[in-house]
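File shown: start-v3.txt. Contents: compact mmCIF, C-alpha atoms and all ligand atoms.
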# COMPACT_ATOMS: atom_id res chain seq x y z
CA MET A 2 -23.00 10.25 -6.12
CA ALA A 3 -20.88 8.74 -8.90
CA GLY A 4 -22.08 5.55 -10.63
CA TRP A 5 -19.39 3.38 -9.12
CA GLU A 6 -20.34 4.50 -5.60
CA LYS A 7 -23.79 3.02 -6.16
CA GLY A 8 -22.12 -0.33 -6.80
CA THR A 9 -21.62 -0.20 -10.56
CA SER A 10 -18.27 0.21 -12.26
CA ALA A 11 -19.59 2.80 -14.74
CA ASN A 12 -16.95 5.43 -15.50
CA ARG A 13 -14.88 4.35 -12.54
CA ARG A 14 -11.13 4.74 -12.97
CA VAL A 15 -8.83 2.66 -10.82
CA LEU A 16 -5.06 2.94 -10.43
CA VAL A 17 -3.00 0.13 -8.91
CA VAL A 18 0.28 1.52 -7.56
CA ILE A 19 3.10 -1.02 -7.33
CA PRO A 20 6.44 0.12 -5.88
CA THR A 21 9.43 -1.88 -7.08
CA TYR A 22 13.03 -2.32 -6.15
CA ASN A 23 14.69 -5.31 -7.83
CA GLU A 24 11.51 -7.17 -8.74
CA CYS A 25 12.30 -8.17 -12.34
CA ASP A 26 11.36 -11.82 -11.72
CA SER A 27 7.88 -10.98 -10.47
CA ILE A 28 6.67 -7.74 -11.97
CA ILE A 29 6.29 -8.87 -15.58
CA ARG A 30 4.23 -11.87 -14.51
CA LEU A 31 2.18 -9.77 -12.10
CA ILE A 32 1.15 -6.95 -14.47
CA PRO A 33 -1.06 -9.05 -16.84
CA LEU A 34 -2.75 -10.74 -13.88
CA VAL A 35 -3.62 -7.36 -12.36
CA LEU A 36 -4.92 -5.98 -15.66
CA GLU A 37 -7.28 -8.89 -16.17
CA GLN A 38 -9.09 -8.27 -12.87
CA ALA A 39 -11.18 -5.42 -14.30
CA PRO A 40 -11.20 -3.50 -17.58
CA GLU A 41 -11.02 -0.11 -15.87
CA LEU A 42 -7.79 -0.92 -14.01
CA GLU A 43 -4.53 0.83 -14.81
CA ILE A 44 -1.15 0.28 -13.21
CA LEU A 45 1.55 2.66 -12.07
CA VAL A 46 4.88 1.05 -11.26
CA VAL A 47 7.11 3.30 -9.15
CA ASP A 48 10.65 2.04 -9.66
CA ASP A 49 13.71 3.34 -7.86
CA ASN A 50 16.29 2.70 -10.58
CA SER A 51 16.46 -0.99 -9.65
CA PRO A 52 19.93 -2.37 -10.44
CA ASP A 53 18.32 -5.56 -11.82
CA GLY A 54 16.64 -3.60 -14.64
CA THR A 55 13.03 -3.79 -13.38
CA GLY A 56 12.38 -0.24 -14.64
CA ALA A 57 13.65 -0.92 -18.17
CA LEU A 58 11.56 -4.09 -18.32
CA VAL A 59 8.38 -2.26 -17.32
CA GLU A 60 9.20 0.60 -19.69
CA ARG A 61 9.36 -1.81 -22.63
CA PHE A 62 6.10 -3.46 -21.55
CA ALA A 63 4.36 -0.09 -21.21
CA GLU A 64 5.22 0.86 -24.82
CA THR A 65 2.54 -1.54 -26.07
CA ALA A 66 0.26 -1.46 -23.02
CA PRO A 67 -1.47 1.91 -22.60
CA ARG A 68 -2.93 0.86 -19.24
CA VAL A 69 0.56 0.51 -17.76
CA HIS A 70 2.52 3.54 -16.55
CA LEU A 71 5.99 3.87 -15.10
CA HIS A 72 7.31 6.48 -12.70
CA LYS A 73 11.08 6.29 -12.61
CA ARG A 74 13.06 7.68 -9.72
CA GLY A 75 16.82 8.13 -9.65
CA ARG A 76 17.67 6.02 -6.60
CA LYS A 77 16.20 4.00 -3.78
CA LEU A 78 14.05 6.55 -1.95
CA GLY A 79 11.84 4.24 0.13
CA LEU A 80 8.39 2.75 0.05
CA GLY A 81 6.56 5.67 1.64
CA THR A 82 7.71 8.31 -0.83
CA ALA A 83 7.03 5.85 -3.68
CA TYR A 84 3.40 5.63 -2.59
CA VAL A 85 3.08 9.37 -2.10
CA ALA A 86 4.35 9.80 -5.68
CA GLY A 87 1.68 7.30 -6.77
CA PHE A 88 -1.05 9.16 -4.87
CA ARG A 89 -0.06 12.45 -6.51
CA PHE A 90 -0.08 10.79 -9.95
CA ALA A 91 -3.60 9.51 -9.24
CA LEU A 92 -4.91 12.85 -7.97
CA GLU A 93 -3.53 14.76 -10.96
CA ARG A 94 -5.18 12.33 -13.37
CA ASP A 95 -8.59 11.93 -11.73
CA TYR A 96 -8.57 8.28 -10.72
CA ASP A 97 -11.48 7.39 -8.40
CA LEU A 98 -9.79 4.57 -6.51
CA VAL A 99 -6.15 3.84 -5.78
CA LEU A 100 -4.88 0.42 -4.79
CA GLU A 101 -1.54 -0.29 -3.16
CA MET A 102 0.09 -3.66 -3.62
CA ASP A 103 3.51 -5.34 -3.46
CA ALA A 104 5.25 -6.61 -6.58
CA ASP A 105 6.35 -9.95 -5.15
CA PHE A 106 3.05 -11.92 -5.28
CA SER A 107 2.57 -11.71 -1.52
CA HIS A 108 -0.68 -9.97 -2.43
CA ASP A 109 -2.86 -12.10 -4.68
CA PRO A 110 -4.11 -9.94 -7.59
CA ARG A 111 -7.29 -12.05 -7.78
CA GLU A 112 -8.41 -10.31 -4.58
CA ILE A 113 -8.63 -6.93 -6.30
CA PRO A 114 -12.38 -7.21 -7.13
CA ARG A 115 -13.11 -7.73 -3.41
CA PHE A 116 -11.27 -4.51 -2.59
CA LEU A 117 -13.23 -2.61 -5.23
CA GLU A 118 -16.47 -3.99 -3.87
CA ALA A 119 -15.60 -3.08 -0.28
CA ALA A 120 -14.60 0.45 -1.35
CA VAL A 121 -18.25 1.17 -2.19
CA GLU A 122 -18.89 1.35 1.57
CA ALA A 123 -15.49 2.50 2.87
CA ASP A 124 -12.91 5.22 2.37
CA LEU A 125 -9.97 2.93 3.07
CA VAL A 126 -10.04 -0.83 2.60
CA ILE A 127 -7.19 -2.73 4.24
CA GLY A 128 -6.35 -6.33 3.34
CA SER A 129 -5.89 -7.82 6.77
CA ARG A 130 -3.92 -10.88 7.84
CA TYR A 131 -5.15 -10.64 11.41
CA ILE A 132 -8.92 -10.79 11.24
CA SER A 133 -11.02 -13.92 10.99
CA GLU A 134 -10.21 -15.79 7.75
CA GLY A 135 -7.07 -13.72 7.17
CA ASN A 136 -3.70 -15.47 7.40
CA THR A 137 -0.05 -15.70 6.33
CA ARG A 138 1.62 -18.58 4.50
CA ASN A 139 5.30 -19.58 4.40
CA TRP A 140 6.32 -16.55 6.40
CA PRO A 141 9.24 -17.32 8.73
CA LEU A 142 8.35 -17.21 12.43
CA ARG A 143 10.65 -14.19 12.89
CA ARG A 144 8.67 -12.17 10.33
CA ARG A 145 5.31 -13.27 11.71
CA LEU A 146 6.29 -12.23 15.20
CA LEU A 147 7.68 -8.92 14.04
CA SER A 148 4.49 -8.17 12.15
CA GLN A 149 2.16 -9.14 14.98
CA LEU A 150 4.21 -7.36 17.64
CA GLY A 151 4.38 -4.34 15.34
CA ASN A 152 0.61 -4.25 15.15
CA LEU A 153 0.25 -4.67 18.90
CA TYR A 154 2.73 -1.85 19.45
CA ALA A 155 0.93 0.38 16.94
CA HIS A 156 -2.35 -0.25 18.73
CA MET A 157 -0.84 0.50 22.15
CA VAL A 158 0.90 3.71 21.10
CA THR A 159 -1.78 5.18 18.85
CA GLY A 160 -4.98 3.66 20.27
CA MET A 161 -6.11 2.89 16.74
CA SER A 162 -8.23 -0.24 16.45
CA VAL A 163 -7.02 -1.39 13.03
CA ARG A 164 -5.93 -5.05 13.26
CA ASP A 165 -3.40 -5.01 10.43
CA ALA A 166 -2.06 -1.47 10.30
CA THR A 167 1.16 -2.46 8.50
CA SER A 168 -0.56 -4.21 5.62
CA GLY A 169 0.44 -2.86 2.22
CA TYR A 170 -2.55 -4.27 0.34
CA ARG A 171 -5.07 -1.42 0.37
CA CYS A 172 -7.59 0.58 -1.56
CA TYR A 173 -8.14 4.32 -1.08
CA ARG A 174 -10.89 6.53 -2.34
CA ARG A 175 -9.87 9.64 -4.17
CA SER A 176 -11.81 11.83 -1.72
CA LEU A 177 -9.71 10.41 1.12
CA LEU A 178 -6.43 11.13 -0.66
CA GLN A 179 -7.61 14.68 -1.24
CA ARG A 180 -8.15 15.12 2.48
CA LEU A 181 -4.80 13.64 3.51
CA ASN A 182 -2.11 16.24 3.70
CA LEU A 183 0.46 14.35 1.64
CA ASP A 184 3.21 16.87 2.43
CA ARG A 185 2.95 16.05 6.10
CA ILE A 186 3.39 12.29 5.85
CA SER A 187 6.86 11.76 7.21
CA SER A 188 7.31 7.99 7.55
CA ASN A 189 8.94 6.08 4.76
CA GLY A 190 9.24 2.40 5.66
CA TYR A 191 6.57 0.20 7.22
CA ALA A 192 5.67 3.09 9.49
CA PHE A 193 4.23 4.73 6.39
CA GLN A 194 1.30 2.33 6.35
CA ILE A 195 0.65 2.87 10.05
CA GLU A 196 0.92 6.65 9.73
CA VAL A 197 -1.55 6.81 6.85
CA ALA A 198 -4.03 4.53 8.66
CA PHE A 199 -3.68 6.71 11.76
CA ARG A 200 -4.30 9.93 9.83
CA VAL A 201 -7.35 8.38 8.15
CA TRP A 202 -8.67 7.20 11.50
CA LYS A 203 -8.12 10.65 13.05
CA LEU A 204 -10.04 12.22 10.18
CA GLY A 205 -12.96 10.01 11.18
CA LEU A 206 -13.11 8.32 7.78
CA ARG A 207 -14.40 4.80 7.27
CA ILE A 208 -11.77 2.06 7.46
CA ARG A 209 -12.78 -1.47 6.59
CA GLU A 210 -10.59 -4.56 6.87
CA ILE A 211 -11.14 -7.54 4.60
CA PRO A 212 -9.32 -10.85 5.08
CA ILE A 213 -6.34 -11.70 2.89
CA LEU A 214 -3.88 -14.56 2.73
CA PHE A 215 -0.37 -13.08 2.65
CA VAL A 216 2.06 -15.49 0.97
CA ASP A 217 5.81 -15.01 1.38
CA ARG A 218 7.67 -14.01 -1.76
CA VAL A 219 9.03 -16.83 -3.93
CA ALA A 220 11.52 -14.75 -5.93
CA GLY A 221 13.83 -11.84 -5.08
CA GLN A 222 14.64 -10.53 -1.64
CA SER A 223 12.86 -8.62 1.10
CA LYS A 224 13.91 -4.99 1.51
CA LEU A 225 13.07 -4.93 5.18
CA ASP A 226 16.01 -3.78 7.29
CA ARG A 227 16.66 -2.72 10.85
CA ARG A 228 16.42 0.96 10.03
CA ILE A 229 12.82 0.50 8.88
CA VAL A 230 11.90 -1.21 12.16
CA TRP A 231 13.53 1.54 14.24
CA GLU A 232 11.75 4.18 12.22
CA ALA A 233 8.41 2.55 13.04
CA LEU A 234 9.25 2.34 16.74
CA TRP A 235 9.93 6.02 17.26
CA ARG A 236 7.72 7.58 14.62
CA LEU A 237 4.58 6.27 16.26
CA TRP A 238 5.35 8.22 19.41
CA ARG A 239 5.92 11.32 17.31
CA LEU A 240 2.54 10.79 15.68
CA ARG A 241 0.82 10.36 19.00
CA LEU A 242 2.40 13.54 20.40
CA LEU A 243 1.52 15.52 17.28
CA SER A 244 -2.03 14.25 17.55
CA LEU A 245 -2.28 15.18 21.23
CA ALA A 246 -1.03 18.68 20.37
CA HIS A 247 -3.60 18.86 17.49
CA ARG A 248 -0.73 19.34 15.06
CA LEU A 249 -1.04 16.21 12.95
N1 LIG A 301 10.16 1.96 -5.27
C1 LIG A 301 10.50 1.31 -4.14
N2 LIG A 301 9.91 0.14 -3.84
C2 LIG A 301 10.29 -0.49 -2.70
C3 LIG A 301 11.26 0.04 -1.80
N3 LIG A 301 11.38 -0.82 -0.75
C4 LIG A 301 10.53 -1.84 -0.99
N4 LIG A 301 9.87 -1.66 -2.16
C5 LIG A 301 8.83 -2.50 -2.77
O1 LIG A 301 7.79 -2.62 -1.81
C6 LIG A 301 7.19 -3.90 -1.85
C7 LIG A 301 7.30 -4.56 -0.46
O2 LIG A 301 8.66 -4.78 -0.13
P1 LIG A 301 9.21 -6.17 0.40
O3 LIG A 301 10.69 -6.12 0.36
O4 LIG A 301 8.56 -7.30 -0.33
O5 LIG A 301 8.74 -6.17 1.91
P2 LIG A 301 8.30 -7.44 2.78
O6 LIG A 301 7.24 -8.15 2.04
O7 LIG A 301 7.81 -6.86 4.06
O8 LIG A 301 9.54 -8.26 2.96
C8 LIG A 301 7.91 -4.67 -2.96
O9 LIG A 301 7.18 -4.54 -4.15
C9 LIG A 301 9.25 -3.93 -3.06
O10 LIG A 301 9.87 -4.05 -4.32
C10 LIG A 301 11.88 1.29 -2.16
O11 LIG A 301 12.74 1.83 -1.47
N5 LIG A 301 11.44 1.89 -3.32
MG MG A 302 7.31 -8.78 0.21

Have the structure of the file written as structure tokens, please.
Amino acid sequence: MAGWEKGTSANRRVLVVIPTYNECDSIIRLIPLVLEQAPELEILVVDDNSPDGTGALVERFAETAPRVHLHKRGRKLGLGTAYVAGFRFALERDYDLVLEMDADFSHDPREIPRFLEAAVEADLVIGSRYISEGNTRNWPLRRRLLSQLGNLYAHMVTGMSVRDATSGYRCYRRSLLQRLNLDRISSNGYAFQIEVAFRVWKLGLRIREIPILFVDRVAGQSKLDRRIVWEALWRLWRLRLLSLAHRL
């Protein structure tokens, strides 16, 4: 058992993956706050050639900050493939834990130590808005409903008992990422989070939810669109059928 799995941070390497598309107002303020949460943290920003120059901004920052990395992609390729690129980066470079978080301050970086602590006893830690003490703030009613109905739907179609399966604030253990067949993950929008949680659940690995307060973004715009919602609606049935046929 590695030192960090016994509850110490000795020799533990942690990568925080942050996907960005037009987040120049937030990302430069977010990076220092993430780095100060623990000395062993590093950051990988996966930017999809944001027209607002987010990538160039991070690139300049990374020149003097060895703990900050940038993965540039040529065009907007979606959240799911951005995370898969981050997972591959982490596996190739031997990180022990991989966090996922949004760039827009909806996920409070000061919660990171709680994720690291919970990961000592779990393979996947999910920051949950829908367990006791979890909540959302300033989110329009339309978004709250969509999120809660989405979770209800995910539960009904897949049978999975995760309360916040669409949450994008998470921490994965390396051993879990090694067991996930990254080539087979086919969802790209919000369905990506549900698909990964479902695959982890089917593998019988330990999922733990910890409460978070999700605060709506104060700068920039949401990238949610109708296509992403439709994708989630039909992909879950595909997942369920694949699972029934033992072909996940
Ligand atoms: N690289 C990349 N990042 C994305 C893409 N779509 C969304 N993001 C990022 O994913 C995070 C969550 O997206 P956001 O629009 O805030 O979703 P919302 O909070 O549900 O409205 C943010 O950091 C976005 O910049 C994409 O296609 N590519
Ligand atoms: Mg957001």

Selected residue, from A:Val69, A:Leu237, A:Ala119, A:Ile229, that lies nearest to A:Val17 when counting all atoms listed in the file: A:Val69

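Atom to atom, atom CA of A:Gly221 and atom CA of A:Arg138 stand 16.9 Å apart.
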
Atom O10 of ligand LIG 301 (chain A) to atom CA of A:Ile19, distance in Å rounded to a single decimal: 8.0 Å

Do you know which residues are at most 9 Å from A:Gly169 counting all atoms listed in the file, after dropping those on the same chain fewer than 3 positions away, and could you put them as a list in words? Glu101, Met102, Asp103, His108, Ile127, Gly128, Ala166, Tyr191 and Gln194 of chain A

Contacts of ligand LIG 301 (chain A), 8 Å or closer, only C-alpha atoms and all ligand atoms, given as a ChimeraX atom specification: /A:19-24,47-49,74,77-83,102-105,107,169,190-191,217-218,222-225

Store the residues picked out above in a file with C-alpha atoms, as a PDB file, in the coordinates of the input.
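Output below, filename selection-v7.pdb:
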ATOM      1  CA  ILE A  19       3.100  -1.020  -7.330  1.00  0.00           C
ATOM      2  CA  PRO A  20       6.440   0.120  -5.880  1.00  0.00           C
ATOM      3  CA  THR A  21       9.430  -1.880  -7.080  1.00  0.00           C
ATOM      4  CA  TYR A  22      13.030  -2.320  -6.150  1.00  0.00           C
ATOM      5  CA  ASN A  23      14.690  -5.310  -7.830  1.00  0.00           C
ATOM      6  CA  GLU A  24      11.510  -7.170  -8.740  1.00  0.00           C
ATOM      7  CA  VAL A  47       7.110   3.300  -9.150  1.00  0.00           C
ATOM      8  CA  ASP A  48      10.650   2.040  -9.660  1.00  0.00           C
ATOM      9  CA  ASP A  49      13.710   3.340  -7.860  1.00  0.00           C
ATOM     10  CA  ARG A  74      13.060   7.680  -9.720  1.00  0.00           C
ATOM     11  CA  LYS A  77      16.200   4.000  -3.780  1.00  0.00           C
ATOM     12  CA  LEU A  78      14.050   6.550  -1.950  1.00  0.00           C
ATOM     13  CA  GLY A  79      11.840   4.240   0.130  1.00  0.00           C
ATOM     14  CA  LEU A  80       8.390   2.750   0.050  1.00  0.00           C
ATOM     15  CA  GLY A  81       6.560   5.670   1.640  1.00  0.00           C
ATOM     16  CA  THR A  82       7.710   8.310  -0.830  1.00  0.00           C
ATOM     17  CA  ALA A  83       7.030   5.850  -3.680  1.00  0.00           C
ATOM     18  CA  MET A 102       0.090  -3.660  -3.620  1.00  0.00           C
ATOM     19  CA  ASP A 103       3.510  -5.340  -3.460  1.00  0.00           C
ATOM     20  CA  ALA A 104       5.250  -6.610  -6.580  1.00  0.00           C
ATOM     21  CA  ASP A 105       6.350  -9.950  -5.150  1.00  0.00           C
ATOM     22  CA  SER A 107       2.570 -11.710  -1.520  1.00  0.00           C
ATOM     23  CA  GLY A 169       0.440  -2.860   2.220  1.00  0.00           C
ATOM     24  CA  GLY A 190       9.240   2.400   5.660  1.00  0.00           C
ATOM     25  CA  TYR A 191       6.570   0.200   7.220  1.00  0.00           C
ATOM     26  CA  ASP A 217       5.810 -15.010   1.380  1.00  0.00           C
ATOM     27  CA  ARG A 218       7.670 -14.010  -1.760  1.00  0.00           C
ATOM     28  CA  GLN A 222      14.640 -10.530  -1.640  1.00  0.00           C
ATOM     29  CA  SER A 223      12.860  -8.620   1.100  1.00  0.00           C
ATOM     30  CA  LYS A 224      13.910  -4.990   1.510  1.00  0.00           C
ATOM     31  CA  LEU A 225      13.070  -4.930   5.180  1.00  0.00           C
TER      32      LEU A 225
END

Neighbouring residues of stretch 142-155 of chain A were defined as those with any atom within 10 Å, considering only C-alpha atoms; residues of the same chain fewer than 4 positions away were excluded. Please report them as an MDAnalysis selection string. chainID A and resid 130:131 137:138 159:168 191:192 195:196 199 217 225 230 233:234 237:238

Å distance separating atom CA of A:Val59 from atom CA of A:Leu125, one decimal place: 27.9 Å

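Minimum atom-to-atom distance to ligand MG 302 (chain A), evaluated using all atoms listed in the file, belongs to A:Val219 out of A:Ala246, A:Val219, A:Ile113, A:Val85.
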
Proximity to A:Arg111 - best of A:Leu36, A:Val158, A:Ala123, A:Leu71, only C-alpha atoms: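 Distance minimum relative to A:Arg111 lands on A:Leu36.
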
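Residues of protein, DNA and RNA with at least one atom no farther than 10 Å from (-10.3, 9.2, -11.9) are, using only C-alpha atoms, Asn12, Arg13, Arg14, Val15, Leu16, Ala91, Leu92, Glu93, Arg94, Asp95, Tyr96, Asp97, Leu98, Val99, Arg174 and Arg175 of chain A.
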